>>> print(open('model-v5.csv').read())   # CSV, C-alpha atoms
chain,number,residue,atom,x,y,z
A,1010,ILE,CA,-34.9,-45.2,-23.3
A,1011,ARG,CA,-34.0,-42.8,-20.6
A,1012,GLN,CA,-33.3,-39.3,-21.9
A,1013,LYS,CA,-30.7,-37.1,-20.2
A,1014,THR,CA,-31.7,-33.6,-19.2
A,1015,LEU,CA,-29.3,-30.9,-20.2
A,1016,VAL,CA,-28.8,-28.4,-17.4
A,1017,ILE,CA,-27.4,-25.1,-18.5
A,1018,THR,CA,-25.9,-23.0,-15.7
A,1019,MET,CA,-26.0,-19.2,-16.3
A,1020,PRO,CA,-22.8,-17.3,-15.3
A,1021,THR,CA,-22.5,-15.0,-12.4
A,1022,LEU,CA,-20.9,-11.6,-13.2
A,1023,GLN,CA,-19.1,-9.2,-10.9
A,1024,LEU,CA,-19.2,-5.5,-11.7
A,1025,THR,CA,-16.7,-2.9,-10.6
A,1026,PHE,CA,-16.7,0.8,-11.4
A,1027,ARG,CA,-14.3,3.8,-11.6
A,1028,ALA,CA,-14.4,7.3,-13.0
A,1029,GLY,CA,-11.9,9.8,-14.4
A,1030,GLN,CA,-11.7,13.6,-14.7
A,1031,LEU,CA,-15.1,14.2,-13.0
A,1032,LYS,CA,-16.2,17.9,-12.8
A,1033,ASN,CA,-15.5,19.4,-9.4
A,1034,LEU,CA,-18.8,20.8,-8.1
A,1035,GLY,CA,-16.8,23.1,-5.8
A,1036,GLY,CA,-15.5,25.0,-8.7
A,1037,MET,CA,-11.9,26.3,-9.1
A,1038,PHE,CA,-11.5,27.5,-5.6
A,1039,GLY,CA,-13.9,25.3,-3.6
A,1040,SER,CA,-13.1,22.0,-1.9
A,1041,THR,CA,-12.8,18.9,-4.1
A,1042,SER,CA,-16.0,16.7,-4.6
A,1043,SER,CA,-16.3,13.4,-2.8
A,1044,PRO,CA,-18.1,11.1,-5.3
A,1045,MET,CA,-20.2,8.0,-4.5
A,1046,ALA,CA,-22.0,6.0,-7.2
A,1047,VAL,CA,-25.5,4.3,-7.0
A,1048,ILE,CA,-25.7,1.2,-9.2
A,1049,SER,CA,-29.0,0.0,-10.7
A,1050,ILE,CA,-30.0,-2.6,-13.4
A,1051,VAL,CA,-33.0,-3.4,-15.6
A,1052,ARG,CA,-33.3,-6.9,-16.9
A,1053,GLY,CA,-35.5,-7.0,-20.1
A,1054,ASP,CA,-39.0,-5.7,-19.2
A,1055,ASP,CA,-38.5,-6.0,-15.5
A,1056,ASP,CA,-38.7,-3.1,-13.1
A,1057,LYS,CA,-35.5,-1.3,-12.1
A,1058,GLU,CA,-33.5,-3.0,-9.4
A,1059,GLU,CA,-31.0,-1.1,-7.2
A,1060,LEU,CA,-27.9,-3.1,-6.5
A,1061,GLY,CA,-26.5,-0.7,-4.0
A,1062,GLU,CA,-24.0,2.1,-3.5
A,1063,THR,CA,-20.2,2.3,-3.7
A,1064,GLU,CA,-18.1,3.6,-0.9
A,1065,VAL,CA,-17.4,7.4,-0.9
A,1066,ALA,CA,-14.1,8.5,-2.5
A,1067,PRO,CA,-13.1,11.5,-0.4
A,1068,LYS,CA,-12.0,14.5,-2.4
A,1069,ASN,CA,-11.2,12.5,-5.5
A,1070,LEU,CA,-12.2,13.4,-9.1
A,1071,ASN,CA,-10.7,10.1,-10.4
A,1072,PRO,CA,-12.3,7.6,-8.0
A,1073,HIS,CA,-11.6,3.8,-8.2
A,1074,TRP,CA,-14.4,2.2,-6.1
A,1075,PHE,CA,-13.6,-1.2,-4.6
A,1076,LYS,CA,-17.1,-2.3,-3.7
A,1077,THR,CA,-18.3,-5.0,-6.1
A,1078,PHE,CA,-21.8,-5.8,-7.4
A,1079,THR,CA,-23.0,-9.2,-8.5
A,1080,ILE,CA,-25.4,-10.2,-11.2
A,1081,GLU,CA,-26.4,-13.8,-10.9
A,1082,ASP,CA,-27.8,-16.1,-13.6
A,1083,TYR,CA,-26.8,-13.7,-16.4
A,1084,ASP,CA,-28.5,-14.6,-19.6
A,1085,PRO,CA,-26.9,-13.0,-22.7
A,1086,SER,CA,-30.2,-13.4,-24.6
A,1087,ILE,CA,-31.9,-10.9,-22.2
A,1088,SER,CA,-30.9,-7.3,-22.3
A,1089,VAL,CA,-29.5,-5.9,-19.1
A,1090,ALA,CA,-28.9,-2.2,-18.7
A,1091,VAL,CA,-26.6,-1.0,-15.9
A,1092,ALA,CA,-27.2,2.5,-14.7
A,1093,VAL,CA,-24.5,4.5,-12.8
A,1094,ASN,CA,-25.3,7.8,-11.1
A,1095,ILE,CA,-22.7,9.7,-9.2
A,1096,PHE,CA,-23.3,12.0,-6.3
A,1097,ASP,CA,-21.1,14.4,-4.3
A,1098,LYS,CA,-21.5,13.3,-0.7
A,1099,SER,CA,-19.6,16.4,0.5
A,1100,ARG,CA,-22.4,18.6,-0.9
A,1101,ASP,CA,-25.6,16.9,0.4
A,1102,GLY,CA,-25.6,14.3,-2.4
A,1103,LYS,CA,-25.7,16.7,-5.3
A,1104,LYS,CA,-25.6,14.8,-8.6
A,1105,MET,CA,-22.3,14.9,-10.5
A,1106,GLY,CA,-23.5,12.9,-13.5
A,1107,GLY,CA,-24.5,9.5,-14.7
A,1108,THR,CA,-24.8,7.1,-17.6
A,1109,PHE,CA,-25.9,3.6,-18.5
A,1110,PHE,CA,-24.2,0.5,-20.0
A,1111,ASP,CA,-25.4,-2.4,-22.0
A,1112,LEU,CA,-24.1,-5.4,-20.1
A,1113,ALA,CA,-23.8,-7.6,-23.2
A,1114,THR,CA,-21.5,-4.9,-24.8
A,1115,ILE,CA,-19.2,-4.9,-21.7
A,1116,ALA,CA,-19.1,-8.7,-21.2
A,1117,GLY,CA,-18.4,-9.2,-24.9
A,1118,ARG,CA,-15.4,-6.8,-25.1
A,1119,GLY,CA,-12.2,-8.3,-23.7
A,1120,ALA,CA,-10.4,-6.0,-21.3
A,1121,TYR,CA,-7.0,-7.3,-22.5
A,1122,ASP,CA,-5.4,-10.1,-24.6
A,1123,GLY,CA,-6.3,-13.4,-23.1
A,1124,ALA,CA,-9.4,-12.1,-21.2
A,1125,GLU,CA,-11.8,-14.8,-20.1
A,1126,GLU,CA,-15.3,-15.2,-21.6
A,1127,PHE,CA,-17.9,-12.7,-20.2
A,1128,GLU,CA,-15.1,-10.4,-19.2
A,1129,GLY,CA,-14.8,-6.8,-20.4
A,1130,PHE,CA,-14.1,-3.2,-19.7
A,1131,VAL,CA,-15.9,-0.1,-21.2
A,1132,GLY,CA,-15.8,3.6,-20.6
A,1133,LYS,CA,-18.4,6.2,-21.5
A,1134,LYS,CA,-18.1,10.0,-21.4
A,1135,ILE,CA,-20.8,11.9,-19.5
A,1136,ARG,CA,-22.3,15.2,-20.3
A,1137,SER,CA,-21.3,16.9,-17.1
A,1138,GLY,CA,-17.7,16.1,-17.6
A,1139,GLY,CA,-15.5,13.1,-17.2
A,1140,THR,CA,-15.8,9.4,-18.0
A,1141,ILE,CA,-17.4,6.5,-16.1
A,1142,TYR,CA,-15.9,3.0,-16.5
A,1143,CYS,CA,-17.5,-0.4,-15.9
A,1144,ARG,CA,-15.7,-3.7,-15.7
A,1145,ALA,CA,-17.4,-7.1,-15.8
A,1146,ARG,CA,-15.7,-10.3,-14.7
A,1147,ARG,CA,-17.1,-13.8,-14.6
A,1148,VAL,CA,-17.2,-15.4,-11.1
A,1149,TYR,CA,-16.7,-19.1,-10.9
A,1150,ASP,CA,-15.6,-21.6,-8.3
A,1151,ALA,CA,-11.8,-21.5,-8.5
A,1152,GLY,CA,-11.3,-21.5,-4.7
A,1153,LYS,CA,-10.4,-18.7,-2.3
A,1154,LEU,CA,-7.1,-17.4,-1.0
A,1155,VAL,CA,-7.1,-17.0,2.8
A,1156,LEU,CA,-4.5,-14.3,3.5
A,1157,MET,CA,-3.2,-12.5,6.5
A,1158,LEU,CA,-0.4,-10.0,6.2
A,1159,ARG,CA,1.7,-8.0,8.6
A,1160,GLY,CA,3.9,-5.0,7.8
A,1161,LEU,CA,7.2,-4.9,9.5
A,1162,ASP,CA,9.4,-1.7,10.0
A,1163,LEU,CA,7.6,0.1,7.2
A,1164,LYS,CA,9.1,3.4,6.0
A,1165,ASN,CA,7.3,6.3,7.7
A,1166,VAL,CA,6.0,8.8,5.1
A,1167,GLU,CA,3.8,10.8,7.5
A,1168,GLY,CA,6.4,13.2,8.7
A,1169,PHE,CA,7.9,14.3,12.0
A,1170,LEU,CA,6.2,13.2,15.2
A,1171,LYS,CA,3.5,11.2,13.3
A,1172,LYS,CA,3.2,7.7,12.0
A,1173,SER,CA,1.7,6.4,8.8
A,1174,ASP,CA,-1.7,4.6,8.6
A,1175,PRO,CA,-0.8,1.8,6.2
A,1176,PHE,CA,-3.2,-0.3,4.1
A,1177,TYR,CA,-2.4,-2.6,1.2
A,1178,GLU,CA,-3.9,-3.0,-2.3
A,1179,ILE,CA,-3.7,-6.1,-4.5
A,1180,SER,CA,-3.5,-5.6,-8.2
A,1181,ARG,CA,-3.5,-8.2,-11.0
A,1182,ARG,CA,-1.6,-8.0,-14.3
A,1183,GLU,CA,-3.8,-7.1,-17.3
A,1184,GLY,CA,-1.9,-6.7,-20.5
A,1185,SER,CA,0.7,-3.9,-19.8
A,1186,HIS,CA,-0.8,-2.5,-16.6
A,1187,TRP,CA,-1.9,-3.4,-13.1
A,1188,ASP,CA,-5.6,-3.4,-12.2
A,1189,PRO,CA,-6.4,-3.0,-8.5
A,1190,VAL,CA,-8.9,-5.7,-7.3
A,1191,TYR,CA,-8.8,-5.7,-3.5
A,1192,ARG,CA,-7.9,-3.2,-0.8
A,1193,SER,CA,-7.5,-3.7,3.0
A,1194,GLU,CA,-8.6,-1.4,5.8
A,1195,PRO,CA,-5.9,1.0,7.1
A,1196,VAL,CA,-4.2,0.4,10.5
A,1197,ARG,CA,-3.9,3.7,12.2
A,1198,ASN,CA,-0.6,5.1,13.4
A,1199,ASN,CA,1.4,1.9,13.1
A,1200,LEU,CA,4.6,1.0,11.1
A,1201,SER,CA,4.3,-2.7,11.9
A,1202,PRO,CA,0.6,-3.2,11.2
A,1203,LEU,CA,-1.2,-6.6,11.4
A,1204,TRP,CA,-4.1,-6.5,8.9
A,1205,ASP,CA,-7.2,-8.6,9.4
A,1206,GLU,CA,-7.4,-12.0,7.7
A,1207,LYS,CA,-9.3,-11.9,4.4
A,1208,LYS,CA,-10.7,-14.4,1.8
A,1209,TYR,CA,-10.1,-13.5,-1.8
A,1210,ASP,CA,-11.9,-15.1,-4.7
A,1211,LEU,CA,-9.3,-16.7,-7.1
A,1212,SER,CA,-11.6,-16.2,-10.1
A,1213,ILE,CA,-11.4,-12.5,-9.6
A,1214,LEU,CA,-7.9,-12.3,-8.2
A,1215,CYS,CA,-6.1,-14.3,-10.9
A,1216,ASP,CA,-8.6,-16.1,-13.1
A,1217,GLY,CA,-7.8,-19.2,-11.1
A,1218,ASN,CA,-4.1,-19.1,-12.4
A,1219,ARG,CA,-2.1,-19.2,-9.1
A,1220,ASP,CA,1.1,-18.2,-11.0
A,1221,MET,CA,-0.4,-15.0,-12.4
A,1222,PRO,CA,1.7,-12.0,-11.4
A,1223,LEU,CA,0.2,-10.0,-8.6
A,1224,ARG,CA,1.3,-6.7,-7.2
A,1225,ILE,CA,0.9,-5.8,-3.5
A,1226,SER,CA,1.3,-2.1,-2.8
A,1227,VAL,CA,1.2,-0.4,0.6
A,1228,TYR,CA,0.0,3.2,1.1
A,1229,ASP,CA,-0.3,5.6,3.9
A,1230,HIS,CA,-4.1,6.4,4.2
A,1231,GLU,CA,-5.0,10.1,3.9
A,1232,SER,CA,-8.5,11.4,4.6
A,1233,ASP,CA,-8.5,13.5,1.4
A,1234,GLY,CA,-8.0,10.4,-0.7
A,1235,ASN,CA,-4.5,11.3,-1.9
A,1236,HIS,CA,-2.9,8.3,-0.3
A,1237,ASP,CA,1.0,8.3,-0.1
A,1238,PHE,CA,2.8,5.4,-1.7
A,1239,MET,CA,5.0,3.5,0.8
A,1240,GLY,CA,6.3,0.5,-1.3
A,1241,ALA,CA,5.3,-2.5,-3.4
A,1242,LEU,CA,6.3,-6.0,-4.4
A,1243,GLN,CA,5.4,-8.5,-7.1
A,1244,THR,CA,4.3,-12.0,-6.2
A,1245,SER,CA,1.7,-14.7,-7.0
A,1246,VAL,CA,-0.8,-16.8,-5.1
A,1247,ASN,CA,1.6,-19.8,-5.2
A,1248,GLU,CA,4.5,-17.7,-3.9
A,1249,LEU,CA,2.4,-16.4,-1.0
A,1250,VAL,CA,1.3,-19.9,-0.1
A,1251,ALA,CA,4.9,-21.1,-0.3
A,1252,ALA,CA,6.2,-18.2,1.8
A,1253,LYS,CA,3.8,-19.2,4.6
A,1254,SER,CA,4.7,-22.9,4.2
A,1255,PHE,CA,8.4,-22.4,4.7
A,1256,GLY,CA,8.3,-19.3,7.0
A,1257,GLY,CA,7.7,-18.7,10.6
A,1258,GLY,CA,4.6,-17.8,12.5
A,1259,GLY,CA,4.5,-14.1,11.5
A,1260,ASP,CA,5.4,-12.6,14.9
A,1261,ALA,CA,7.2,-9.3,14.6
A,1262,ASN,CA,10.1,-10.8,16.6
A,1263,ASP,CA,10.3,-14.1,14.7
A,1264,VAL,CA,13.9,-14.8,13.6
A,1265,ASP,CA,12.7,-17.0,10.7
A,1266,SER,CA,12.4,-14.7,7.7
A,1267,ALA,CA,11.5,-17.2,5.0
A,1268,ASN,CA,8.0,-15.7,4.9
A,1269,HIS,CA,9.3,-12.1,4.7
A,1270,LEU,CA,8.8,-10.3,1.4
A,1271,LEU,CA,10.6,-7.0,0.7
A,1272,LEU,CA,8.8,-3.8,-0.3
A,1273,VAL,CA,10.5,-1.4,-2.6
A,1274,ASP,CA,9.7,2.3,-2.9
A,1275,ASN,CA,9.8,4.6,-6.0
A,1276,LYS,CA,13.6,5.0,-5.7
A,1277,GLN,CA,14.0,1.2,-5.8
A,1278,LYS,CA,15.1,1.2,-2.2
A,1279,VAL,CA,13.8,-1.3,0.5
A,1280,SER,CA,11.0,0.4,2.4
A,1281,GLY,CA,9.9,-2.3,4.7
A,1282,THR,CA,8.8,-5.9,4.8
A,1283,LEU,CA,5.5,-7.8,4.3
A,1284,VAL,CA,5.2,-10.9,6.5
A,1285,VAL,CA,2.9,-13.7,5.3
A,1286,VAL,CA,1.2,-14.6,8.5
A,1287,ASN,CA,-1.2,-16.9,6.8
A,1288,ALA,CA,-1.8,-18.0,3.2
A,1289,HIS,CA,-3.7,-21.1,2.0
A,1290,VAL,CA,-6.3,-21.9,-0.6
A,1291,ILE,CA,-9.6,-23.4,0.3
>>> encode(input="model-v5.csv", output="structure tokens")
Amino acid sequence: IRQKTLVITMPTLQLTFRAGQLKNLGGMFGSTSSPMAVISIVRGDDDKEELGETEVAPKNLNPHWFKTFTIEDYDPSISVAVAVNIFDKSRDGKKMGGTFFDLATIAGRGAYDGAEEFEGFVGKKIRSGGTIYCRARRVYDAGKLVLMLRGLDLKNVEGFLKKSDPFYEISRREGSHWDPVYRSEPVRNNLSPLWDEKKYDLSILCDGNRDMPLRISVYDHESDGNHDFMGALQTSVNELVAAKSFGGGGDANDVDSANHLLLVDNKQKVSGTLVVVNAHVI
């Protein structure tokens, strides 16, 4: 009798981090700190492993870092400690604070109703002031969204004789709020920007649910980190794919507007258009 071998695949987790109300090392009258976080883990009795660094959040005491960190073959039976240490890059890397998280605690605590297995969100206060948050999401093969967007006739929020430097941010609905998961690079001095084509993991973007509500927000990039809101719209993966399927080629002078999505500002007025130049799932 031939016996079957049971193969157990351990999940891969993606970690993201943000912080709130950090203490400004510049004091009341000095310039605002620019925090960057160093992420390390320890699995069981193994030596410490540094996963890497986040990007720097210029002059921002409430940073939301977009760089992600991956833990492969996560075994819930083995303890995994995640250490987060924050440094002020505007002051020669002076330490702003730090803490550690037990990964099993994060992965076992749902971030919202309906959260997937191995998905959670935990915040811990730090002694120096403020709170560090860690989010864990399970990564699995749900496909990728290939997406290229163009802005068209965006509202200029930069002021007289200048033009905005637009970038977009994609957020997913989690309970009653929007959680940012991806951010593009800014295009300098351009009100009809063409952003680079990107591939977005559907397991992170929408839990593989292509009808999950997504929010695309456009901001004017500012070097101090206080980016100015330009407009936003609500959509889904399926709507983006359909917009490309029925729309034109995405040229700024294209008369076919089926792939044009309207942005709305804080006053609920149209503030420009997003053109879906390319959108398909692979």
>>> closest_residue(input="model-v5.csv", among="A:Val1227, A:Ile1095, A:Met1157, A:Ile1087", to="Glu1062 in chain A", atoms="all atoms listed in the file")
A:Ile1095
>>> closest_atom_pairs(input="model-v5.csv", of="range 1179-1225 of chain A", to="range 1021-1032 of chain A", cutoff="12 Å", atoms="all atoms listed in the file", output="tab-separated table")
residue	atom	partner	partner_atom	distance
A:Asp1188	CA	A:Thr1025	CA	11.2
A:Pro1189	CA	A:Thr1025	CA	10.5
A:Val1190	CA	A:Thr1025	CA	8.9
A:Tyr1191	CA	A:Thr1025	CA	11.0
A:Asp1210	CA	A:Gln1023	CA	11.2
A:Ser1212	CA	A:Gln1023	CA	10.3
A:Ile1213	CA	A:Gln1023	CA	8.5
A:Leu1214	CA	A:Gln1023	CA	11.9
>>> atom_distance(input="model-v5.csv", atom1="CA of Asp1220 in chain A", atom2="CA of Val1246 in chain A")
6.4 Å
>>> closest_residue(input="model-v5.csv", among="A:Pro1175, A:Asp1216, A:Asn1247, A:Glu1194", to="Tyr1228 in chain A", atoms="only C-alpha atoms")
A:Pro1175
>>> atom_distance(input="model-v5.csv", atom1="CA of Val1279 in chain A", atom2="CA of Leu1161 in chain A")
11.7 Å
>>> residues_around(input="model-v5.csv", residues="Lys1172 in chain A", least_positions_apart="4", cutoff="7 Å", atoms="all atoms listed in the file", output="PyMOL selection string")
chain A and resi 1165+1167+1198-1200
>>> atom_distance(input="model-v5.csv", atom1="CA of Val1148 in chain A", atom2="CA of Val1286 in chain A")
26.9 Å
>>> residues_near_point(input="model-v5.csv", point="(-1.1, -1.5, 11.0)", cutoff="10 Å", atoms="only C-alpha atoms", output="compact mmCIF listing (two decimals) with C-alpha atoms, in the frame of the given file")
# COMPACT_ATOMS: atom_id res chain seq x y z
CA LEU A 1158 -0.40 -10.00 6.20
CA ARG A 1159 1.70 -8.00 8.60
CA GLY A 1160 3.90 -5.00 7.80
CA LEU A 1161 7.20 -4.90 9.50
CA LEU A 1163 7.60 0.10 7.20
CA SER A 1173 1.70 6.40 8.80
CA ASP A 1174 -1.70 4.60 8.60
CA PRO A 1175 -0.80 1.80 6.20
CA PHE A 1176 -3.20 -0.30 4.10
CA TYR A 1177 -2.40 -2.60 1.20
CA GLU A 1194 -8.60 -1.40 5.80
CA PRO A 1195 -5.90 1.00 7.10
CA VAL A 1196 -4.20 0.40 10.50
CA ARG A 1197 -3.90 3.70 12.20
CA ASN A 1198 -0.60 5.10 13.40
CA ASN A 1199 1.40 1.90 13.10
CA LEU A 1200 4.60 1.00 11.10
CA SER A 1201 4.30 -2.70 11.90
CA PRO A 1202 0.60 -3.20 11.20
CA LEU A 1203 -1.20 -6.60 11.40
CA TRP A 1204 -4.10 -6.50 8.90
CA ASP A 1205 -7.20 -8.60 9.40
>>> residues_near_point(input="model-v5.csv", point="(-3.9, -6.8, -13.7)", cutoff="10 Å", atoms="all atoms listed in the file", output="tab-separated table (two decimals) with C-alpha atoms, in the coordinates of the input")
chain	number	residue	atom	x	y	z
A	1121	TYR	CA	-7.00	-7.30	-22.50
A	1179	ILE	CA	-3.70	-6.10	-4.50
A	1180	SER	CA	-3.50	-5.60	-8.20
A	1181	ARG	CA	-3.50	-8.20	-11.00
A	1182	ARG	CA	-1.60	-8.00	-14.30
A	1183	GLU	CA	-3.80	-7.10	-17.30
A	1184	GLY	CA	-1.90	-6.70	-20.50
A	1185	SER	CA	0.70	-3.90	-19.80
A	1186	HIS	CA	-0.80	-2.50	-16.60
A	1187	TRP	CA	-1.90	-3.40	-13.10
A	1188	ASP	CA	-5.60	-3.40	-12.20
A	1189	PRO	CA	-6.40	-3.00	-8.50
A	1190	VAL	CA	-8.90	-5.70	-7.30
A	1214	LEU	CA	-7.90	-12.30	-8.20
A	1215	CYS	CA	-6.10	-14.30	-10.90
A	1221	MET	CA	-0.40	-15.00	-12.40
A	1222	PRO	CA	1.70	-12.00	-11.40
A	1223	LEU	CA	0.20	-10.00	-8.60
A	1224	ARG	CA	1.30	-6.70	-7.20
>>> residues_around(input="model-v5.csv", residues="range 1101-1115 of chain A", least_positions_apart="5", cutoff="8 Å", atoms="all atoms listed in the file", output="PDB file with C-alpha atoms, keeping the file's coordinate frame")
ATOM      1  CA  LEU A1031     -15.100  14.200 -13.000  1.00  0.00           C
ATOM      2  CA  LYS A1032     -16.200  17.900 -12.800  1.00  0.00           C
ATOM      3  CA  LEU A1034     -18.800  20.800  -8.100  1.00  0.00           C
ATOM      4  CA  PRO A1044     -18.100  11.100  -5.300  1.00  0.00           C
ATOM      5  CA  PRO A1085     -26.900 -13.000 -22.700  1.00  0.00           C
ATOM      6  CA  SER A1088     -30.900  -7.300 -22.300  1.00  0.00           C
ATOM      7  CA  VAL A1089     -29.500  -5.900 -19.100  1.00  0.00           C
ATOM      8  CA  ALA A1090     -28.900  -2.200 -18.700  1.00  0.00           C
ATOM      9  CA  VAL A1091     -26.600  -1.000 -15.900  1.00  0.00           C
ATOM     10  CA  ALA A1092     -27.200   2.500 -14.700  1.00  0.00           C
ATOM     11  CA  VAL A1093     -24.500   4.500 -12.800  1.00  0.00           C
ATOM     12  CA  ASN A1094     -25.300   7.800 -11.100  1.00  0.00           C
ATOM     13  CA  ILE A1095     -22.700   9.700  -9.200  1.00  0.00           C
ATOM     14  CA  PHE A1096     -23.300  12.000  -6.300  1.00  0.00           C
ATOM     15  CA  GLU A1128     -15.100 -10.400 -19.200  1.00  0.00           C
ATOM     16  CA  GLY A1129     -14.800  -6.800 -20.400  1.00  0.00           C
ATOM     17  CA  PHE A1130     -14.100  -3.200 -19.700  1.00  0.00           C
ATOM     18  CA  VAL A1131     -15.900  -0.100 -21.200  1.00  0.00           C
ATOM     19  CA  LYS A1133     -18.400   6.200 -21.500  1.00  0.00           C
ATOM     20  CA  ILE A1135     -20.800  11.900 -19.500  1.00  0.00           C
ATOM     21  CA  ARG A1136     -22.300  15.200 -20.300  1.00  0.00           C
ATOM     22  CA  SER A1137     -21.300  16.900 -17.100  1.00  0.00           C
ATOM     23  CA  GLY A1138     -17.700  16.100 -17.600  1.00  0.00           C
ATOM     24  CA  ILE A1141     -17.400   6.500 -16.100  1.00  0.00           C
ATOM     25  CA  CYS A1143     -17.500  -0.400 -15.900  1.00  0.00           C
ATOM     26  CA  ARG A1144     -15.700  -3.700 -15.700  1.00  0.00           C
ATOM     27  CA  ALA A1145     -17.400  -7.100 -15.800  1.00  0.00           C
TER      28      ALA A1145
END
>>> residues_around(input="model-v5.csv", residues="range 1272-1275 of chain A", least_positions_apart="4", cutoff="6 Å", atoms="all atoms listed in the file", output="NGL selection string")
:A and (1240-1242 or 1279-1282)
>>> closest_residue(input="model-v5.csv", among="A:Lys1207, A:His1269, A:Lys1057, A:Lys1134", to="Leu1156 in chain A", atoms="all atoms listed in the file")
A:Lys1207
>>> closest_residue(input="model-v5.csv", among="A:Lys1068, A:Lys1171, A:Lys1278, A:Asp1097", to="Ala1046 in chain A", atoms="all atoms listed in the file")
A:Asp1097
>>> closest_residue(input="model-v5.csv", among="A:Ser1086, A:Ser1266, A:Ser1232, A:Thr1077", to="Ser1043 in chain A", atoms="all atoms listed in the file")
A:Ser1232
>>> closest_residue(input="model-v5.csv", among="A:Asn1235, A:Ser1042, A:Thr1140, A:Ser1245", to="Val1065 in chain A", atoms="only C-alpha atoms")
A:Ser1042
